[in-house]
Structures are given as structure tokens and as C-alpha cells.
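Q: Data: work-v6.cif, mmCIF, N, CA and C atoms.
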```
data_entry
#
loop_
_atom_site.label_atom_id
_atom_site.label_comp_id
_atom_site.auth_asym_id
_atom_site.auth_seq_id
_atom_site.Cartn_x
_atom_site.Cartn_y
_atom_site.Cartn_z
N MET M 1 -4.53 -2.80 -8.68
CA MET M 1 -5.02 -3.81 -7.76
C MET M 1 -6.46 -4.13 -8.15
N SER M 2 -6.81 -5.37 -7.98
CA SER M 2 -8.15 -5.79 -8.37
C SER M 2 -9.20 -5.07 -7.53
N PRO M 3 -10.39 -4.84 -8.10
CA PRO M 3 -11.46 -4.19 -7.35
C PRO M 3 -11.83 -4.94 -6.07
N VAL M 4 -11.74 -6.26 -6.09
CA VAL M 4 -12.09 -7.06 -4.91
C VAL M 4 -11.11 -6.78 -3.77
N LEU M 5 -9.81 -6.75 -4.08
CA LEU M 5 -8.82 -6.49 -3.04
C LEU M 5 -8.89 -5.04 -2.54
N LYS M 6 -9.13 -4.11 -3.45
CA LYS M 6 -9.32 -2.71 -3.03
C LYS M 6 -10.49 -2.60 -2.07
N ALA M 7 -11.60 -3.23 -2.43
CA ALA M 7 -12.79 -3.18 -1.57
C ALA M 7 -12.50 -3.78 -0.20
N GLU M 8 -11.70 -4.84 -0.15
CA GLU M 8 -11.34 -5.45 1.13
C GLU M 8 -10.56 -4.46 2.00
N LEU M 9 -9.60 -3.75 1.40
CA LEU M 9 -8.85 -2.74 2.15
C LEU M 9 -9.76 -1.62 2.62
N PHE M 10 -10.63 -1.14 1.73
CA PHE M 10 -11.53 -0.04 2.07
C PHE M 10 -12.48 -0.43 3.20
N GLN M 11 -12.94 -1.68 3.18
CA GLN M 11 -13.86 -2.15 4.21
C GLN M 11 -13.15 -2.38 5.54
N LYS M 12 -11.95 -2.94 5.48
CA LYS M 12 -11.22 -3.28 6.70
C LYS M 12 -10.64 -2.03 7.38
N TYR M 13 -10.29 -1.01 6.59
CA TYR M 13 -9.66 0.20 7.12
C TYR M 13 -10.39 1.45 6.64
N PRO M 14 -11.67 1.59 7.02
CA PRO M 14 -12.45 2.73 6.51
C PRO M 14 -11.92 4.08 6.97
N LYS M 15 -11.25 4.12 8.11
CA LYS M 15 -10.72 5.40 8.58
C LYS M 15 -9.48 5.81 7.78
N ILE M 16 -8.68 4.84 7.38
CA ILE M 16 -7.50 5.13 6.56
C ILE M 16 -7.90 5.50 5.14
N PHE M 17 -8.88 4.79 4.62
CA PHE M 17 -9.35 5.05 3.25
C PHE M 17 -10.69 5.78 3.33
N ALA M 18 -10.71 6.89 4.04
CA ALA M 18 -11.93 7.66 4.26
C ALA M 18 -12.61 8.00 2.94
N ASP M 19 -13.91 7.80 2.89
CA ASP M 19 -14.77 8.06 1.74
C ASP M 19 -14.62 7.04 0.62
N SER M 20 -13.57 6.22 0.64
CA SER M 20 -13.41 5.22 -0.40
C SER M 20 -14.46 4.12 -0.27
N PHE M 21 -14.88 3.83 0.97
CA PHE M 21 -15.85 2.77 1.19
C PHE M 21 -17.26 3.25 0.89
N ASN M 22 -17.49 4.55 0.97
CA ASN M 22 -18.81 5.12 0.72
C ASN M 22 -18.92 5.43 -0.77
N SER M 23 -19.65 4.62 -1.49
CA SER M 23 -19.72 4.76 -2.95
C SER M 23 -20.44 6.03 -3.39
N SER M 24 -21.14 6.71 -2.48
CA SER M 24 -21.82 7.94 -2.86
C SER M 24 -20.86 9.13 -2.89
N LEU M 25 -19.64 8.94 -2.36
CA LEU M 25 -18.63 9.99 -2.37
C LEU M 25 -17.49 9.58 -3.29
N PRO M 26 -16.79 10.53 -3.87
CA PRO M 26 -15.63 10.17 -4.68
C PRO M 26 -14.54 9.58 -3.79
N PRO M 27 -13.80 8.59 -4.27
CA PRO M 27 -12.75 7.99 -3.45
C PRO M 27 -11.71 9.03 -3.06
N SER M 28 -11.29 8.98 -1.81
CA SER M 28 -10.26 9.90 -1.37
C SER M 28 -8.87 9.35 -1.67
N CYS M 29 -8.79 8.08 -1.97
CA CYS M 29 -7.49 7.45 -2.18
C CYS M 29 -7.52 6.57 -3.41
N GLY M 30 -6.56 6.74 -4.27
CA GLY M 30 -6.40 5.83 -5.38
C GLY M 30 -5.37 4.78 -5.03
N ILE M 31 -5.60 3.56 -5.46
CA ILE M 31 -4.61 2.50 -5.28
C ILE M 31 -4.26 2.01 -6.68
N ASP M 32 -3.03 2.26 -7.07
CA ASP M 32 -2.59 1.95 -8.43
C ASP M 32 -1.33 1.09 -8.38
N CYS M 33 -1.53 -0.19 -8.05
CA CYS M 33 -0.43 -1.15 -8.04
C CYS M 33 -1.03 -2.53 -8.26
N CYS M 34 -0.17 -3.51 -8.42
CA CYS M 34 -0.63 -4.88 -8.67
C CYS M 34 -1.00 -5.59 -7.37
N ASP M 35 -1.63 -6.74 -7.52
CA ASP M 35 -2.15 -7.51 -6.38
C ASP M 35 -1.07 -8.07 -5.45
N GLY M 36 0.14 -8.24 -5.94
CA GLY M 36 1.19 -8.85 -5.13
C GLY M 36 1.54 -8.09 -3.87
N TRP M 37 1.28 -6.82 -3.85
CA TRP M 37 1.59 -6.01 -2.68
C TRP M 37 0.41 -5.84 -1.74
N PHE M 38 -0.69 -6.52 -2.02
CA PHE M 38 -1.87 -6.39 -1.17
C PHE M 38 -1.56 -6.66 0.30
N ARG M 39 -0.92 -7.77 0.60
CA ARG M 39 -0.63 -8.14 2.01
C ARG M 39 0.28 -7.11 2.66
N LEU M 40 1.24 -6.59 1.92
CA LEU M 40 2.14 -5.58 2.45
C LEU M 40 1.37 -4.30 2.80
N ILE M 41 0.49 -3.89 1.92
CA ILE M 41 -0.34 -2.71 2.17
C ILE M 41 -1.29 -2.96 3.33
N GLU M 42 -1.86 -4.14 3.39
CA GLU M 42 -2.79 -4.49 4.47
C GLU M 42 -2.06 -4.47 5.81
N ARG M 43 -0.86 -4.99 5.88
CA ARG M 43 -0.09 -4.99 7.13
C ARG M 43 0.29 -3.57 7.53
N LEU M 44 0.68 -2.75 6.57
CA LEU M 44 0.99 -1.36 6.88
C LEU M 44 -0.24 -0.66 7.47
N CYS M 45 -1.38 -0.85 6.84
CA CYS M 45 -2.61 -0.24 7.35
C CYS M 45 -2.94 -0.73 8.75
N HIS M 46 -2.76 -2.02 9.00
CA HIS M 46 -2.99 -2.58 10.33
C HIS M 46 -2.09 -1.90 11.36
N CYS M 47 -0.81 -1.79 11.05
CA CYS M 47 0.14 -1.17 11.98
C CYS M 47 -0.20 0.30 12.22
N VAL M 48 -0.52 1.01 11.16
CA VAL M 48 -0.85 2.43 11.31
C VAL M 48 -2.11 2.61 12.14
N GLN M 49 -3.15 1.81 11.87
CA GLN M 49 -4.38 1.94 12.63
C GLN M 49 -4.17 1.56 14.09
N THR M 50 -3.29 0.60 14.34
CA THR M 50 -2.96 0.23 15.72
C THR M 50 -2.28 1.39 16.44
N VAL M 51 -1.35 2.04 15.77
CA VAL M 51 -0.69 3.21 16.36
C VAL M 51 -1.73 4.28 16.69
N VAL M 52 -2.64 4.51 15.78
CA VAL M 52 -3.68 5.53 15.99
C VAL M 52 -4.57 5.14 17.17
N ASP M 53 -5.06 3.91 17.18
CA ASP M 53 -6.02 3.47 18.19
C ASP M 53 -5.41 3.29 19.58
N GLU M 54 -4.20 2.73 19.65
CA GLU M 54 -3.63 2.37 20.94
C GLU M 54 -2.67 3.41 21.51
N GLN M 55 -2.13 4.27 20.66
CA GLN M 55 -1.14 5.21 21.15
C GLN M 55 -1.57 6.66 20.99
N GLY M 56 -2.82 6.85 20.61
CA GLY M 56 -3.36 8.19 20.59
C GLY M 56 -2.89 9.10 19.49
N GLU M 57 -2.30 8.54 18.45
CA GLU M 57 -1.89 9.37 17.31
C GLU M 57 -3.14 9.85 16.58
N MET M 58 -3.01 10.95 15.85
CA MET M 58 -4.14 11.42 15.05
C MET M 58 -4.45 10.40 13.95
N GLN M 59 -5.69 10.41 13.48
CA GLN M 59 -6.08 9.49 12.40
C GLN M 59 -5.34 9.86 11.12
N HIS M 60 -4.68 8.87 10.54
CA HIS M 60 -3.98 9.06 9.28
C HIS M 60 -4.89 8.61 8.15
N VAL M 61 -4.94 9.39 7.08
CA VAL M 61 -5.78 9.09 5.93
C VAL M 61 -4.88 8.99 4.70
N ALA M 62 -5.05 7.90 3.96
CA ALA M 62 -4.24 7.68 2.76
C ALA M 62 -4.66 8.63 1.66
N GLU M 63 -3.67 9.19 1.01
CA GLU M 63 -3.92 10.06 -0.13
C GLU M 63 -3.81 9.28 -1.43
N TYR M 64 -2.73 8.48 -1.57
CA TYR M 64 -2.52 7.74 -2.81
C TYR M 64 -1.56 6.60 -2.53
N VAL M 65 -1.79 5.46 -3.17
CA VAL M 65 -0.92 4.29 -3.08
C VAL M 65 -0.61 3.88 -4.50
N LYS M 66 0.69 3.75 -4.82
CA LYS M 66 1.03 3.41 -6.20
C LYS M 66 2.38 2.74 -6.29
N GLU M 67 2.67 2.23 -7.46
CA GLU M 67 3.99 1.71 -7.80
C GLU M 67 4.76 2.84 -8.46
N LYS M 68 6.02 3.00 -8.06
CA LYS M 68 6.89 3.99 -8.69
C LYS M 68 8.31 3.45 -8.68
N PHE M 69 8.94 3.41 -9.83
CA PHE M 69 10.30 2.90 -9.98
C PHE M 69 10.46 1.49 -9.39
N GLY M 70 9.44 0.66 -9.55
CA GLY M 70 9.50 -0.72 -9.11
C GLY M 70 9.25 -0.92 -7.62
N GLY M 71 8.87 0.12 -6.92
CA GLY M 71 8.62 0.01 -5.48
C GLY M 71 7.28 0.63 -5.11
N LEU M 72 6.81 0.27 -3.93
CA LEU M 72 5.56 0.81 -3.42
C LEU M 72 5.78 2.23 -2.92
N ARG M 73 4.81 3.09 -3.20
CA ARG M 73 4.80 4.45 -2.64
C ARG M 73 3.45 4.66 -1.99
N PHE M 74 3.47 5.07 -0.74
CA PHE M 74 2.25 5.27 0.04
C PHE M 74 2.28 6.70 0.55
N TYR M 75 1.33 7.49 0.10
CA TYR M 75 1.27 8.90 0.47
C TYR M 75 0.13 9.15 1.44
N TRP M 76 0.40 9.92 2.49
CA TRP M 76 -0.58 10.27 3.51
C TRP M 76 -0.91 11.75 3.37
N TYR M 77 -2.15 12.12 3.70
CA TYR M 77 -2.50 13.54 3.73
C TYR M 77 -1.69 14.26 4.79
N VAL M 78 -1.63 13.69 5.98
CA VAL M 78 -0.84 14.21 7.09
C VAL M 78 -0.20 13.01 7.75
N SER M 79 1.05 13.14 8.16
CA SER M 79 1.73 12.00 8.74
C SER M 79 2.55 12.43 9.94
N THR M 80 3.02 11.43 10.69
CA THR M 80 3.89 11.66 11.84
C THR M 80 5.15 10.84 11.65
N ASP M 81 6.15 11.11 12.47
CA ASP M 81 7.42 10.39 12.35
C ASP M 81 7.23 8.88 12.49
N ARG M 82 6.39 8.47 13.43
CA ARG M 82 6.16 7.04 13.67
C ARG M 82 5.55 6.37 12.43
N VAL M 83 4.55 7.01 11.85
CA VAL M 83 3.90 6.45 10.66
C VAL M 83 4.83 6.54 9.45
N ASP M 84 5.60 7.60 9.37
CA ASP M 84 6.59 7.70 8.29
C ASP M 84 7.58 6.53 8.34
N ALA M 85 8.00 6.16 9.55
CA ALA M 85 8.95 5.04 9.71
C ALA M 85 8.30 3.72 9.27
N LEU M 86 7.05 3.50 9.65
CA LEU M 86 6.34 2.29 9.21
C LEU M 86 6.19 2.27 7.69
N THR M 87 5.87 3.41 7.13
CA THR M 87 5.68 3.52 5.68
C THR M 87 7.00 3.28 4.96
N ASP M 88 8.08 3.86 5.46
CA ASP M 88 9.40 3.64 4.86
C ASP M 88 9.77 2.16 4.86
N LEU M 89 9.46 1.47 5.95
CA LEU M 89 9.74 0.03 6.03
C LEU M 89 8.96 -0.74 4.97
N ALA M 90 7.67 -0.46 4.86
CA ALA M 90 6.84 -1.15 3.86
C ALA M 90 7.33 -0.86 2.45
N GLU M 91 7.68 0.39 2.18
CA GLU M 91 8.17 0.74 0.85
C GLU M 91 9.48 0.03 0.55
N SER M 92 10.37 -0.10 1.55
CA SER M 92 11.63 -0.81 1.35
C SER M 92 11.39 -2.30 1.10
N LEU M 93 10.49 -2.89 1.87
CA LEU M 93 10.18 -4.32 1.69
C LEU M 93 9.60 -4.61 0.31
N SER M 94 8.88 -3.65 -0.25
CA SER M 94 8.26 -3.88 -1.57
C SER M 94 9.29 -4.15 -2.66
N CYS M 95 10.52 -3.74 -2.45
CA CYS M 95 11.57 -3.97 -3.44
C CYS M 95 12.06 -5.41 -3.44
N PHE M 96 11.51 -6.23 -2.54
CA PHE M 96 11.87 -7.64 -2.45
C PHE M 96 10.65 -8.55 -2.54
N ILE M 97 9.50 -7.99 -2.92
CA ILE M 97 8.25 -8.73 -3.03
C ILE M 97 7.70 -8.55 -4.43
N CYS M 98 7.42 -9.65 -5.10
CA CYS M 98 6.88 -9.60 -6.46
C CYS M 98 5.58 -8.81 -6.46
N GLU M 99 5.53 -7.78 -7.27
CA GLU M 99 4.33 -6.95 -7.33
C GLU M 99 3.16 -7.67 -7.99
N ALA M 100 3.44 -8.75 -8.72
CA ALA M 100 2.38 -9.50 -9.41
C ALA M 100 1.73 -10.54 -8.51
N CYS M 101 2.57 -11.25 -7.69
CA CYS M 101 2.00 -12.38 -6.93
C CYS M 101 2.32 -12.39 -5.45
N GLY M 102 3.27 -11.57 -4.99
CA GLY M 102 3.61 -11.53 -3.58
C GLY M 102 4.73 -12.46 -3.17
N ALA M 103 5.28 -13.23 -4.10
CA ALA M 103 6.41 -14.12 -3.80
C ALA M 103 7.68 -13.28 -3.66
N PRO M 104 8.75 -13.87 -3.12
CA PRO M 104 10.01 -13.13 -3.09
C PRO M 104 10.40 -12.69 -4.50
N GLY M 105 10.88 -11.48 -4.61
CA GLY M 105 11.20 -10.93 -5.92
C GLY M 105 12.44 -10.06 -5.86
N ALA M 106 12.81 -9.54 -7.01
CA ALA M 106 13.95 -8.65 -7.13
C ALA M 106 13.60 -7.55 -8.12
N ARG M 107 14.19 -6.42 -7.93
CA ARG M 107 13.95 -5.28 -8.83
C ARG M 107 14.69 -5.51 -10.14
N ILE M 108 13.99 -5.29 -11.23
CA ILE M 108 14.59 -5.42 -12.56
C ILE M 108 14.37 -4.11 -13.32
N THR M 109 15.26 -3.87 -14.23
CA THR M 109 15.13 -2.68 -15.09
C THR M 109 15.27 -3.14 -16.53
N ALA M 110 14.16 -3.50 -17.11
CA ALA M 110 14.12 -3.90 -18.51
C ALA M 110 13.20 -2.92 -19.24
N GLY M 111 13.65 -1.67 -19.33
CA GLY M 111 12.81 -0.64 -19.93
C GLY M 111 11.92 0.02 -18.91
N TRP M 112 11.32 -0.77 -18.04
CA TRP M 112 10.42 -0.29 -16.99
C TRP M 112 10.84 -0.97 -15.70
N MET M 113 11.07 -0.22 -14.65
CA MET M 113 11.48 -0.82 -13.39
C MET M 113 10.31 -1.56 -12.76
N SER M 114 10.57 -2.78 -12.34
CA SER M 114 9.56 -3.63 -11.70
C SER M 114 10.24 -4.46 -10.63
N THR M 115 9.44 -4.99 -9.73
CA THR M 115 9.92 -5.97 -8.76
C THR M 115 9.13 -7.23 -9.01
N LEU M 116 9.83 -8.27 -9.47
CA LEU M 116 9.15 -9.50 -9.91
C LEU M 116 9.90 -10.72 -9.40
N CYS M 117 9.16 -11.82 -9.23
CA CYS M 117 9.75 -13.11 -8.91
C CYS M 117 10.30 -13.72 -10.19
N ALA M 118 11.01 -14.82 -10.06
CA ALA M 118 11.61 -15.47 -11.22
C ALA M 118 10.54 -15.88 -12.23
N ALA M 119 9.41 -16.39 -11.77
CA ALA M 119 8.36 -16.84 -12.69
C ALA M 119 7.77 -15.67 -13.48
N HIS M 120 7.56 -14.53 -12.87
CA HIS M 120 6.99 -13.39 -13.58
C HIS M 120 8.02 -12.65 -14.43
N ARG M 121 9.29 -12.81 -14.13
CA ARG M 121 10.32 -12.21 -15.00
C ARG M 121 10.38 -12.92 -16.34
N ARG M 122 10.02 -14.19 -16.38
CA ARG M 122 10.07 -14.97 -17.62
C ARG M 122 8.87 -14.73 -18.52
N ARG M 123 7.80 -14.22 -17.96
CA ARG M 123 6.58 -14.02 -18.76
C ARG M 123 6.71 -12.75 -19.59
N PRO M 124 6.15 -12.81 -20.80
CA PRO M 124 6.21 -11.62 -21.66
C PRO M 124 5.30 -10.51 -21.17
#
```
What's the C-alpha cells form of this structure?
A:
Amino acid sequence: MSPVLKAELFQKYPKIFADSFNSSLPPSCGIDCCDGWFRLIERLCHCVQTVVDEQGEMQHVAEYVKEKFGGLRFYWYVSTDRVDALTDLAESLSCFICEACGAPGARITAGWMSTLCAAHRRRP
């Protein structure tokens, strides 16, 4: 993900990405995926923070966010059933969203599993 989009997530959800926004500390969370899933990750963070703030759940902190086998994987240091369900939904949706641009996509296996739209499948 581009540094600009990562910074936006870190700034908007500093409790989820603890220490990532503070440049004097090492990042607590790595984000290793393309820009197309930015909105999906942002929505997941919004829902999780809402659960924490409005329903009294403990603060969830992201451990790692990455692409694996053509889908989004979001790992938490500690999680609850409610947040696990939200995370599972986001991870499932990622298999239908182009990881490059965010358009509707499909999972392909051409040596490396990816989820891409028709336009990005044609590019070398």
C-alpha cells in the first residue's frame, strides 16, 4: 500500500494502529497489500473502532495486514468473536475486489494467486 494511504489509516485509526502513527516508535503493524483494498481495510477499521467505542469491547490493535493467496488477511494481537466476524467478512469480500484498484474483481491463479479486475488481468 502506498505510504500516503498507510499514513491516512494510521492517522484515522491511531488506536488500531498503535505506535504506527508515532514515527519515533517502530510501527506495531505492517500493511503489505496493494491500494485497491484500502477502502475495505478502512471500513473494517471503522466498524471495529465503533464496536470498541460504542459497545465497550476492549481496544483491538492490528498486528499485521497483508495479501495471502489472493485475499486480504488481517491479524489482531487480541480479538473477540464480534471482531473476528467482521474481519472474516472483510477477508471474504477481498476475494471479489481488485487488489490493484478496488473495482470488482475475481481471484485468478496464474502462477501467483491474485484478485484482479478485467483491466488488471490483461496487464503484464
Q: Apply the PyMOL selection byres ((chain M and resi 117) around 5) to the file shown and report the selected residues as a count of residues only.
A: 10
Q: Sorted by chain and rising residue number, list the residues of stretch 38-58 of chain M at most 7 Å from stretch 74-90 of chain M (counting only C-alpha atoms), each with its closest atom pair and distance in Å to one decimal, as CSV.
A:
```
residue,atom,partner,partner_atom,distance
M:Leu40,CA,M:Ala90,CA,6.6
M:Leu44,CA,M:Ala90,CA,6.6
M:Val48,CA,M:Val83,CA,6.3
```
Q: Would you kindly identify which residues have an atom no farther than 9 Å from (4.2, -3.3, -2.7), using only C-alpha atoms and the file's own coordinates, and write them out as a PyMOL selection string?
A: chain M and resi 33-41+66-67+70-73+90-99+102+115
Q: Let's have the selection written as a PDB file, keeping the file's coordinate frame, with N, CA and C atoms.
A:
```pdb
ATOM      1  N   CYS M  33      -1.530  -0.190  -8.050  1.00  0.00           N
ATOM      2  CA  CYS M  33      -0.430  -1.150  -8.040  1.00  0.00           C
ATOM      3  C   CYS M  33      -1.030  -2.530  -8.260  1.00  0.00           C
ATOM      4  N   CYS M  34      -0.170  -3.510  -8.420  1.00  0.00           N
ATOM      5  CA  CYS M  34      -0.630  -4.880  -8.670  1.00  0.00           C
ATOM      6  C   CYS M  34      -1.000  -5.590  -7.370  1.00  0.00           C
ATOM      7  N   ASP M  35      -1.630  -6.740  -7.520  1.00  0.00           N
ATOM      8  CA  ASP M  35      -2.150  -7.510  -6.380  1.00  0.00           C
ATOM      9  C   ASP M  35      -1.070  -8.070  -5.450  1.00  0.00           C
ATOM     10  N   GLY M  36       0.140  -8.240  -5.940  1.00  0.00           N
ATOM     11  CA  GLY M  36       1.190  -8.850  -5.130  1.00  0.00           C
ATOM     12  C   GLY M  36       1.540  -8.090  -3.870  1.00  0.00           C
ATOM     13  N   TRP M  37       1.280  -6.820  -3.850  1.00  0.00           N
ATOM     14  CA  TRP M  37       1.590  -6.010  -2.680  1.00  0.00           C
ATOM     15  C   TRP M  37       0.410  -5.840  -1.740  1.00  0.00           C
ATOM     16  N   PHE M  38      -0.690  -6.520  -2.020  1.00  0.00           N
ATOM     17  CA  PHE M  38      -1.870  -6.390  -1.170  1.00  0.00           C
ATOM     18  C   PHE M  38      -1.560  -6.660   0.300  1.00  0.00           C
ATOM     19  N   ARG M  39      -0.920  -7.770   0.600  1.00  0.00           N
ATOM     20  CA  ARG M  39      -0.630  -8.140   2.010  1.00  0.00           C
ATOM     21  C   ARG M  39       0.280  -7.110   2.660  1.00  0.00           C
ATOM     22  N   LEU M  40       1.240  -6.590   1.920  1.00  0.00           N
ATOM     23  CA  LEU M  40       2.140  -5.580   2.450  1.00  0.00           C
ATOM     24  C   LEU M  40       1.370  -4.300   2.800  1.00  0.00           C
ATOM     25  N   ILE M  41       0.490  -3.890   1.920  1.00  0.00           N
ATOM     26  CA  ILE M  41      -0.340  -2.710   2.170  1.00  0.00           C
ATOM     27  C   ILE M  41      -1.290  -2.960   3.330  1.00  0.00           C
ATOM     28  N   LYS M  66       0.690   3.750  -4.820  1.00  0.00           N
ATOM     29  CA  LYS M  66       1.030   3.410  -6.200  1.00  0.00           C
ATOM     30  C   LYS M  66       2.380   2.740  -6.290  1.00  0.00           C
ATOM     31  N   GLU M  67       2.670   2.230  -7.460  1.00  0.00           N
ATOM     32  CA  GLU M  67       3.990   1.710  -7.800  1.00  0.00           C
ATOM     33  C   GLU M  67       4.760   2.840  -8.460  1.00  0.00           C
ATOM     34  N   GLY M  70       9.440   0.660  -9.550  1.00  0.00           N
ATOM     35  CA  GLY M  70       9.500  -0.720  -9.110  1.00  0.00           C
ATOM     36  C   GLY M  70       9.250  -0.920  -7.620  1.00  0.00           C
ATOM     37  N   GLY M  71       8.870   0.120  -6.920  1.00  0.00           N
ATOM     38  CA  GLY M  71       8.620   0.010  -5.480  1.00  0.00           C
ATOM     39  C   GLY M  71       7.280   0.630  -5.110  1.00  0.00           C
ATOM     40  N   LEU M  72       6.810   0.270  -3.930  1.00  0.00           N
ATOM     41  CA  LEU M  72       5.560   0.810  -3.420  1.00  0.00           C
ATOM     42  C   LEU M  72       5.780   2.230  -2.920  1.00  0.00           C
ATOM     43  N   ARG M  73       4.810   3.090  -3.200  1.00  0.00           N
ATOM     44  CA  ARG M  73       4.800   4.450  -2.640  1.00  0.00           C
ATOM     45  C   ARG M  73       3.450   4.660  -1.990  1.00  0.00           C
ATOM     46  N   ALA M  90       7.670  -0.460   4.860  1.00  0.00           N
ATOM     47  CA  ALA M  90       6.840  -1.150   3.860  1.00  0.00           C
ATOM     48  C   ALA M  90       7.330  -0.860   2.450  1.00  0.00           C
ATOM     49  N   GLU M  91       7.680   0.390   2.180  1.00  0.00           N
ATOM     50  CA  GLU M  91       8.170   0.740   0.850  1.00  0.00           C
ATOM     51  C   GLU M  91       9.480   0.030   0.550  1.00  0.00           C
ATOM     52  N   SER M  92      10.370  -0.100   1.550  1.00  0.00           N
ATOM     53  CA  SER M  92      11.630  -0.810   1.350  1.00  0.00           C
ATOM     54  C   SER M  92      11.390  -2.300   1.100  1.00  0.00           C
ATOM     55  N   LEU M  93      10.490  -2.890   1.870  1.00  0.00           N
ATOM     56  CA  LEU M  93      10.180  -4.320   1.690  1.00  0.00           C
ATOM     57  C   LEU M  93       9.600  -4.610   0.310  1.00  0.00           C
ATOM     58  N   SER M  94       8.880  -3.650  -0.250  1.00  0.00           N
ATOM     59  CA  SER M  94       8.260  -3.880  -1.570  1.00  0.00           C
ATOM     60  C   SER M  94       9.290  -4.150  -2.660  1.00  0.00           C
ATOM     61  N   CYS M  95      10.520  -3.740  -2.450  1.00  0.00           N
ATOM     62  CA  CYS M  95      11.570  -3.970  -3.440  1.00  0.00           C
ATOM     63  C   CYS M  95      12.060  -5.410  -3.440  1.00  0.00           C
ATOM     64  N   PHE M  96      11.510  -6.230  -2.540  1.00  0.00           N
ATOM     65  CA  PHE M  96      11.870  -7.640  -2.450  1.00  0.00           C
ATOM     66  C   PHE M  96      10.650  -8.550  -2.540  1.00  0.00           C
ATOM     67  N   ILE M  97       9.500  -7.990  -2.920  1.00  0.00           N
ATOM     68  CA  ILE M  97       8.250  -8.730  -3.030  1.00  0.00           C
ATOM     69  C   ILE M  97       7.700  -8.550  -4.430  1.00  0.00           C
ATOM     70  N   CYS M  98       7.420  -9.650  -5.100  1.00  0.00           N
ATOM     71  CA  CYS M  98       6.880  -9.600  -6.460  1.00  0.00           C
ATOM     72  C   CYS M  98       5.580  -8.810  -6.460  1.00  0.00           C
ATOM     73  N   GLU M  99       5.530  -7.780  -7.270  1.00  0.00           N
ATOM     74  CA  GLU M  99       4.330  -6.950  -7.330  1.00  0.00           C
ATOM     75  C   GLU M  99       3.160  -7.670  -7.990  1.00  0.00           C
ATOM     76  N   GLY M 102       3.270 -11.570  -4.990  1.00  0.00           N
ATOM     77  CA  GLY M 102       3.610 -11.530  -3.580  1.00  0.00           C
ATOM     78  C   GLY M 102       4.730 -12.460  -3.170  1.00  0.00           C
ATOM     79  N   THR M 115       9.440  -4.990  -9.730  1.00  0.00           N
ATOM     80  CA  THR M 115       9.920  -5.970  -8.760  1.00  0.00           C
ATOM     81  C   THR M 115       9.130  -7.230  -9.010  1.00  0.00           C
TER      82      THR M 115
END
```
Q: So the first atom is atom CA of M:Arg107 and the second is atom C of M:Asp32; what is the distance between them in Å, to one decimal place?
A: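 Atom-to-atom, atom CA of M:Arg107 to atom C of M:Asp32, that is 16.6 Å.
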Q: Mind telling me what the PyMOL selection byres (((chain M and resi 9 and name CA) around 10) and name CA) catches here, as a ChimeraX atom specification?
A: /M:3-8,10-14,16-17,20-21,38-39,41-42,45
Q: Enumerate the residues of stretch 8-69 of chain M with a DSSP assignment of strand (DSSP E), computed from the backbone, and present them as a PyMOL selection string.
A: chain M and resi 30-32+62-68
Q: Could you save those same residues with N, CA and C atoms as a short mmCIF file (atom, residue, chain, number, x, y, z; two decimals), in the coordinates of the input?
A:
```cif
data_model
loop_
_atom_site.label_atom_id
_atom_site.label_comp_id
_atom_site.auth_asym_id
_atom_site.auth_seq_id
_atom_site.Cartn_x
_atom_site.Cartn_y
_atom_site.Cartn_z
N GLY M 30 -6.56 6.74 -4.27
CA GLY M 30 -6.40 5.83 -5.38
C GLY M 30 -5.37 4.78 -5.03
N ILE M 31 -5.60 3.56 -5.46
CA ILE M 31 -4.61 2.50 -5.28
C ILE M 31 -4.26 2.01 -6.68
N ASP M 32 -3.03 2.26 -7.07
CA ASP M 32 -2.59 1.95 -8.43
C ASP M 32 -1.33 1.09 -8.38
N ALA M 62 -5.05 7.90 3.96
CA ALA M 62 -4.24 7.68 2.76
C ALA M 62 -4.66 8.63 1.66
N GLU M 63 -3.67 9.19 1.01
CA GLU M 63 -3.92 10.06 -0.13
C GLU M 63 -3.81 9.28 -1.43
N TYR M 64 -2.73 8.48 -1.57
CA TYR M 64 -2.52 7.74 -2.81
C TYR M 64 -1.56 6.60 -2.53
N VAL M 65 -1.79 5.46 -3.17
CA VAL M 65 -0.92 4.29 -3.08
C VAL M 65 -0.61 3.88 -4.50
N LYS M 66 0.69 3.75 -4.82
CA LYS M 66 1.03 3.41 -6.20
C LYS M 66 2.38 2.74 -6.29
N GLU M 67 2.67 2.23 -7.46
CA GLU M 67 3.99 1.71 -7.80
C GLU M 67 4.76 2.84 -8.46
N LYS M 68 6.02 3.00 -8.06
CA LYS M 68 6.89 3.99 -8.69
C LYS M 68 8.31 3.45 -8.68
#
```
Q: Could you pull out the helix (DSSP H, G or I) residues of chain M, going by DSSP on the backbone, and write them as a PyMOL selection string?
A: chain M and resi 3-12+35-55+81-96+118-122
Q: Kindly list the centre and edge lengths in Å, rounded to one decimal, for the axis-aligned box that covers all listed atoms of stretch 87-98 of chain M plus 6 Å on each of its six sides, as lines of an AutoDock Vina configuration file.
A:
```
center_x = 8.8
center_y = -2.9
center_z = 0.3
size_x = 18.5
size_y = 25.5
size_z = 25.6
```
Q: With a distance cut-off of 8 Å and only C-alpha atoms, select the neighbouring residues of M:Lys15, excluding the residue or stretch itself and same-chain residues fewer than 4 positions from it, and output the selection as a PyMOL selection string.
A: chain M and resi 59-61
Q: Could you tell me how far atom CA of M:Arg43 lies from atom CA of M:Met58, in Å and to one decimal?
A: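 So the two atoms, atom CA of M:Arg43 and atom CA of M:Met58, lie 18.7 Å apart.
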Q: Could you state the separation of atom C of M:Tyr64 and atom N of M:Ile108 in Å, given to one decimal place?
A: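 Taking atom C of M:Tyr64 and atom N of M:Ile108, their separation equals 21.4 Å.
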Q: Return the single residue from M:Gly30, M:Gln49, M:Ser2, M:Cys101 that is closest to M:Val65, with distances computed using only C-alpha atoms.
A: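 Of all the options, M:Gly30 lies closest to M:Val65.
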